[in-house]
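Reviewing the structure listed below.
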Amino acid sequence: MNLQSLLVSKDEQAVAVLTPVLAGFGLGVQSCGYPDGICRLGEQKFDTVIVDYDDPHSAALVLQNAYQAASGNHAVTVALLSDKAKVRSVFGAGANFVLYKPVSEQHALAT
């Protein structure tokens with residue numbers, strides 16, 4: 001069984017760091033922007049959804065769609081966050097975990 005992750009971010013550095021880290025854990029990785037992420041959630045099942053909160057409104061829509069698409073089998077959700085002061089609102093929007101930016105390989109592996 002292949003586990004699939006969806007990485008929704010416009011941050012090329014975060015995508016470049018996280019893609020090989022996730023692949024190293026045996027996860028298939030699809031990366032895209034916000035509109036495509038919402039579409040993909042409606043078309044395919046993902047075990048992990050990682051969304052960048054640089055655009056909070058779009059990120060919240062992605063998380064909302066992740067829960068609606070899961071139909072009882074909730075994906076693990078991770079928010080990429082630059083502003084630590086917004087962590088409460090991110091968890092309130094449904095994120096299970098937070099990874100602070102800028103993302104480094106060591107930080108991603110430790111998380």
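Chain identifiers are assigned as A, B, and so on, following the order in which chains appear in the structure tokens; residues are numbered from 1 within each chain, and ligands are numbered from 1 in order of appearance.
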Enumerate the residues of chain A with a DSSP assignment of strand (DSSP E), computed from the backbone, and present them as a short mmCIF file (atom, residue, chain, number, x, y, z; two decimals) with N, CA and C atoms, in the first residue's frame.
```cif
data_model
loop_
_atom_site.label_atom_id
_atom_site.label_comp_id
_atom_site.auth_asym_id
_atom_site.auth_seq_id
_atom_site.Cartn_x
_atom_site.Cartn_y
_atom_site.Cartn_z
N LEU A 3 1.40 5.12 0.50
CA LEU A 3 0.81 6.29 1.15
C LEU A 3 1.05 7.51 0.27
N GLN A 4 0.05 8.37 0.18
CA GLN A 4 0.13 9.54 -0.68
C GLN A 4 0.02 10.82 0.13
N SER A 5 0.83 11.80 -0.24
CA SER A 5 0.76 13.11 0.41
C SER A 5 0.53 14.18 -0.64
N LEU A 6 -0.20 15.19 -0.23
CA LEU A 6 -0.45 16.36 -1.07
C LEU A 6 0.22 17.55 -0.39
N LEU A 7 1.11 18.20 -1.10
CA LEU A 7 1.85 19.36 -0.60
C LEU A 7 1.37 20.58 -1.35
N VAL A 8 0.63 21.45 -0.67
CA VAL A 8 0.04 22.63 -1.29
C VAL A 8 0.81 23.86 -0.84
N LEU A 27 6.46 8.11 1.33
CA LEU A 27 5.24 8.76 0.86
C LEU A 27 5.39 9.22 -0.58
N GLY A 28 4.39 8.95 -1.40
CA GLY A 28 4.33 9.56 -2.72
C GLY A 28 3.94 11.01 -2.52
N VAL A 29 4.55 11.91 -3.27
CA VAL A 29 4.33 13.34 -3.06
C VAL A 29 3.80 13.99 -4.33
N GLN A 30 2.69 14.70 -4.20
CA GLN A 30 2.19 15.56 -5.26
C GLN A 30 2.20 16.98 -4.73
N SER A 31 2.82 17.88 -5.45
CA SER A 31 2.84 19.28 -5.01
C SER A 31 2.12 20.14 -6.03
N CYS A 32 1.44 21.17 -5.52
CA CYS A 32 0.66 22.05 -6.38
C CYS A 32 0.32 23.33 -5.63
N THR A 48 -1.79 12.24 3.79
CA THR A 48 -1.23 13.42 4.43
C THR A 48 -1.49 14.62 3.53
N VAL A 49 -1.93 15.71 4.13
CA VAL A 49 -2.11 16.97 3.40
C VAL A 49 -1.28 18.02 4.13
N ILE A 50 -0.34 18.61 3.41
CA ILE A 50 0.53 19.65 3.95
C ILE A 50 0.19 20.93 3.22
N VAL A 51 -0.18 21.95 3.96
CA VAL A 51 -0.63 23.19 3.33
C VAL A 51 0.12 24.38 3.92
N ASP A 52 0.55 25.26 3.04
CA ASP A 52 1.30 26.46 3.42
C ASP A 52 0.32 27.56 3.80
N VAL A 76 -3.93 13.06 7.77
CA VAL A 76 -3.12 13.83 8.71
C VAL A 76 -2.82 15.15 8.04
N THR A 77 -3.08 16.25 8.73
CA THR A 77 -2.88 17.57 8.13
C THR A 77 -1.76 18.31 8.85
N VAL A 78 -0.91 18.93 8.04
CA VAL A 78 0.24 19.68 8.55
C VAL A 78 0.20 21.07 7.93
N ALA A 79 0.34 22.08 8.75
CA ALA A 79 0.37 23.46 8.27
C ALA A 79 1.81 23.97 8.28
N LEU A 80 2.21 24.62 7.20
CA LEU A 80 3.50 25.32 7.15
C LEU A 80 3.22 26.74 7.57
N LEU A 81 3.90 27.21 8.58
CA LEU A 81 3.55 28.50 9.18
C LEU A 81 4.79 29.36 9.40
N PHE A 97 -0.78 19.17 12.87
CA PHE A 97 0.60 19.52 13.22
C PHE A 97 0.99 20.82 12.54
N VAL A 98 2.03 21.46 13.06
CA VAL A 98 2.56 22.68 12.46
C VAL A 98 4.06 22.50 12.25
N LEU A 99 4.52 22.92 11.09
CA LEU A 99 5.95 22.95 10.78
C LEU A 99 6.28 24.40 10.47
N TYR A 100 7.21 24.97 11.23
CA TYR A 100 7.52 26.39 11.08
C TYR A 100 8.51 26.62 9.95
#
```
Check: Using only C-alpha atoms, which residues sit within 10 Å of Gly92 (chain A) once same-chain residues fewer than 5 positions away are excluded, as a PyMOL selection string?
Finding: chain A and resi 60+86-87
Note to self: Can you tell me which residues surround His57 (chain A) at a distance of at most 12 Å, considering only C-alpha atoms, apart from same-chain residues fewer than 4 positions away, and format the answer as a count of residues only?
What the structure shows: 12
Item checked: Surrounding residues of region 9-26 of chain A excluding itself and chain neighbours under 5 positions, 6 Å, only C-alpha atoms, as a list in words ->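 Near region 9-26 of chain A, the qualifying residues are Gly33, Asp52, Val103 and Glu105 of chain A.
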Note to self: DSSP on the backbone, alpha helix (DSSP H) only: what residues of chain A does that give? Format it as a VMD selection string.
What the structure shows: chain A and resid 12 to 24 34 to 43 56 to 70 87 to 92 105 to 110
Mind writing the picked residues with N, CA and C atoms as a short mmCIF file (atom, residue, chain, number, x, y, z; two decimals), in the first residue's frame?
```
data_model
loop_
_atom_site.label_atom_id
_atom_site.label_comp_id
_atom_site.auth_asym_id
_atom_site.auth_seq_id
_atom_site.Cartn_x
_atom_site.Cartn_y
_atom_site.Cartn_z
N GLU A 12 8.74 27.58 -3.23
CA GLU A 12 9.59 26.61 -3.91
C GLU A 12 10.64 26.01 -2.98
N GLN A 13 11.15 26.80 -2.05
CA GLN A 13 12.16 26.29 -1.12
C GLN A 13 11.57 25.22 -0.21
N ALA A 14 10.37 25.47 0.30
CA ALA A 14 9.71 24.49 1.17
C ALA A 14 9.41 23.20 0.41
N VAL A 15 8.94 23.34 -0.82
CA VAL A 15 8.65 22.16 -1.64
C VAL A 15 9.93 21.38 -1.91
N ALA A 16 11.01 22.09 -2.24
CA ALA A 16 12.29 21.43 -2.53
C ALA A 16 12.83 20.68 -1.32
N VAL A 17 12.61 21.19 -0.13
CA VAL A 17 13.08 20.52 1.08
C VAL A 17 12.16 19.36 1.46
N LEU A 18 10.85 19.58 1.43
CA LEU A 18 9.91 18.59 1.94
C LEU A 18 9.72 17.39 1.01
N THR A 19 9.80 17.59 -0.29
CA THR A 19 9.55 16.49 -1.23
C THR A 19 10.49 15.30 -0.99
N PRO A 20 11.81 15.49 -0.94
CA PRO A 20 12.67 14.33 -0.68
C PRO A 20 12.53 13.77 0.74
N VAL A 21 12.23 14.62 1.71
CA VAL A 21 12.03 14.14 3.08
C VAL A 21 10.82 13.22 3.13
N LEU A 22 9.71 13.64 2.54
CA LEU A 22 8.51 12.81 2.52
C LEU A 22 8.73 11.52 1.75
N ALA A 23 9.41 11.63 0.61
CA ALA A 23 9.72 10.44 -0.18
C ALA A 23 10.59 9.47 0.62
N GLY A 24 11.49 10.00 1.42
CA GLY A 24 12.33 9.17 2.27
C GLY A 24 11.54 8.39 3.31
N TYR A 34 -2.77 26.30 -4.54
CA TYR A 34 -4.05 26.19 -3.81
C TYR A 34 -5.22 25.71 -4.66
N PRO A 35 -5.52 26.33 -5.83
CA PRO A 35 -6.69 25.87 -6.58
C PRO A 35 -6.57 24.40 -7.01
N ASP A 36 -5.38 24.01 -7.49
CA ASP A 36 -5.18 22.62 -7.89
C ASP A 36 -5.29 21.68 -6.70
N GLY A 37 -4.83 22.12 -5.55
CA GLY A 37 -4.91 21.29 -4.35
C GLY A 37 -6.34 20.96 -3.99
N ILE A 38 -7.20 21.95 -4.06
CA ILE A 38 -8.61 21.73 -3.75
C ILE A 38 -9.22 20.75 -4.75
N CYS A 39 -8.88 20.90 -6.02
CA CYS A 39 -9.38 19.97 -7.05
C CYS A 39 -8.88 18.55 -6.81
N ARG A 40 -7.61 18.41 -6.51
CA ARG A 40 -7.03 17.07 -6.30
C ARG A 40 -7.65 16.37 -5.09
N LEU A 41 -7.99 17.13 -4.07
CA LEU A 41 -8.62 16.53 -2.90
C LEU A 41 -9.97 15.92 -3.24
N GLY A 42 -10.65 16.49 -4.23
CA GLY A 42 -11.93 15.94 -4.66
C GLY A 42 -11.79 14.74 -5.57
N GLU A 43 -10.60 14.55 -6.14
CA GLU A 43 -10.39 13.49 -7.11
C GLU A 43 -9.65 12.27 -6.56
N PRO A 56 -3.63 32.50 4.21
CA PRO A 56 -4.47 31.83 5.21
C PRO A 56 -5.86 31.44 4.71
N HIS A 57 -6.49 32.30 3.90
CA HIS A 57 -7.83 31.98 3.42
C HIS A 57 -7.81 30.74 2.53
N SER A 58 -6.89 30.71 1.57
CA SER A 58 -6.79 29.55 0.67
C SER A 58 -6.39 28.30 1.43
N ALA A 59 -5.48 28.44 2.38
CA ALA A 59 -5.04 27.29 3.17
C ALA A 59 -6.20 26.71 3.98
N ALA A 60 -7.02 27.57 4.56
CA ALA A 60 -8.18 27.10 5.32
C ALA A 60 -9.16 26.35 4.41
N LEU A 61 -9.31 26.81 3.17
CA LEU A 61 -10.17 26.10 2.22
C LEU A 61 -9.61 24.72 1.89
N VAL A 62 -8.30 24.63 1.75
CA VAL A 62 -7.68 23.33 1.48
C VAL A 62 -7.94 22.38 2.65
N LEU A 63 -7.73 22.85 3.89
CA LEU A 63 -7.98 22.00 5.05
C LEU A 63 -9.45 21.58 5.13
N GLN A 64 -10.34 22.50 4.87
CA GLN A 64 -11.76 22.19 4.89
C GLN A 64 -12.08 21.11 3.87
N ASN A 65 -11.53 21.24 2.67
CA ASN A 65 -11.77 20.25 1.63
C ASN A 65 -11.11 18.91 1.96
N ALA A 66 -10.00 18.94 2.65
CA ALA A 66 -9.34 17.69 3.06
C ALA A 66 -10.26 16.89 3.97
N TYR A 67 -10.94 17.57 4.88
CA TYR A 67 -11.85 16.87 5.79
C TYR A 67 -13.12 16.43 5.08
N GLN A 68 -13.63 17.23 4.17
CA GLN A 68 -14.83 16.84 3.44
C GLN A 68 -14.57 15.67 2.51
N ALA A 69 -13.40 15.65 1.89
CA ALA A 69 -13.07 14.59 0.94
C ALA A 69 -12.75 13.27 1.65
N ALA A 70 -12.34 13.34 2.89
CA ALA A 70 -11.88 12.14 3.60
C ALA A 70 -13.02 11.18 3.94
N VAL A 87 -0.50 30.29 15.39
CA VAL A 87 -0.59 28.85 15.58
C VAL A 87 -1.96 28.42 16.11
N ARG A 88 -2.54 29.17 17.00
CA ARG A 88 -3.86 28.81 17.55
C ARG A 88 -4.93 28.77 16.45
N SER A 89 -4.92 29.76 15.58
CA SER A 89 -5.93 29.78 14.50
C SER A 89 -5.71 28.64 13.51
N VAL A 90 -4.46 28.25 13.31
CA VAL A 90 -4.17 27.14 12.39
C VAL A 90 -4.69 25.82 12.96
N PHE A 91 -4.47 25.59 14.24
CA PHE A 91 -5.03 24.39 14.86
C PHE A 91 -6.55 24.46 14.88
N GLY A 92 -7.09 25.64 15.09
CA GLY A 92 -8.54 25.82 15.06
C GLY A 92 -9.14 25.53 13.70
N GLU A 105 15.88 20.67 6.14
CA GLU A 105 15.80 19.21 6.10
C GLU A 105 15.86 18.63 7.52
N GLN A 106 16.75 19.15 8.35
CA GLN A 106 16.88 18.64 9.72
C GLN A 106 15.60 18.89 10.52
N HIS A 107 15.02 20.05 10.36
CA HIS A 107 13.78 20.39 11.06
C HIS A 107 12.65 19.48 10.60
N ALA A 108 12.55 19.26 9.29
CA ALA A 108 11.49 18.41 8.75
C ALA A 108 11.64 16.97 9.22
N LEU A 109 12.86 16.47 9.24
CA LEU A 109 13.09 15.10 9.71
C LEU A 109 12.75 14.94 11.18
N ALA A 110 13.06 15.95 11.97
CA ALA A 110 12.80 15.90 13.41
C ALA A 110 11.32 15.99 13.73
#
```
Check: Do you have the CA of Asn2 (chain A)-CA of Asp54 (chain A) distance handy?
Finding: 29.1 Å
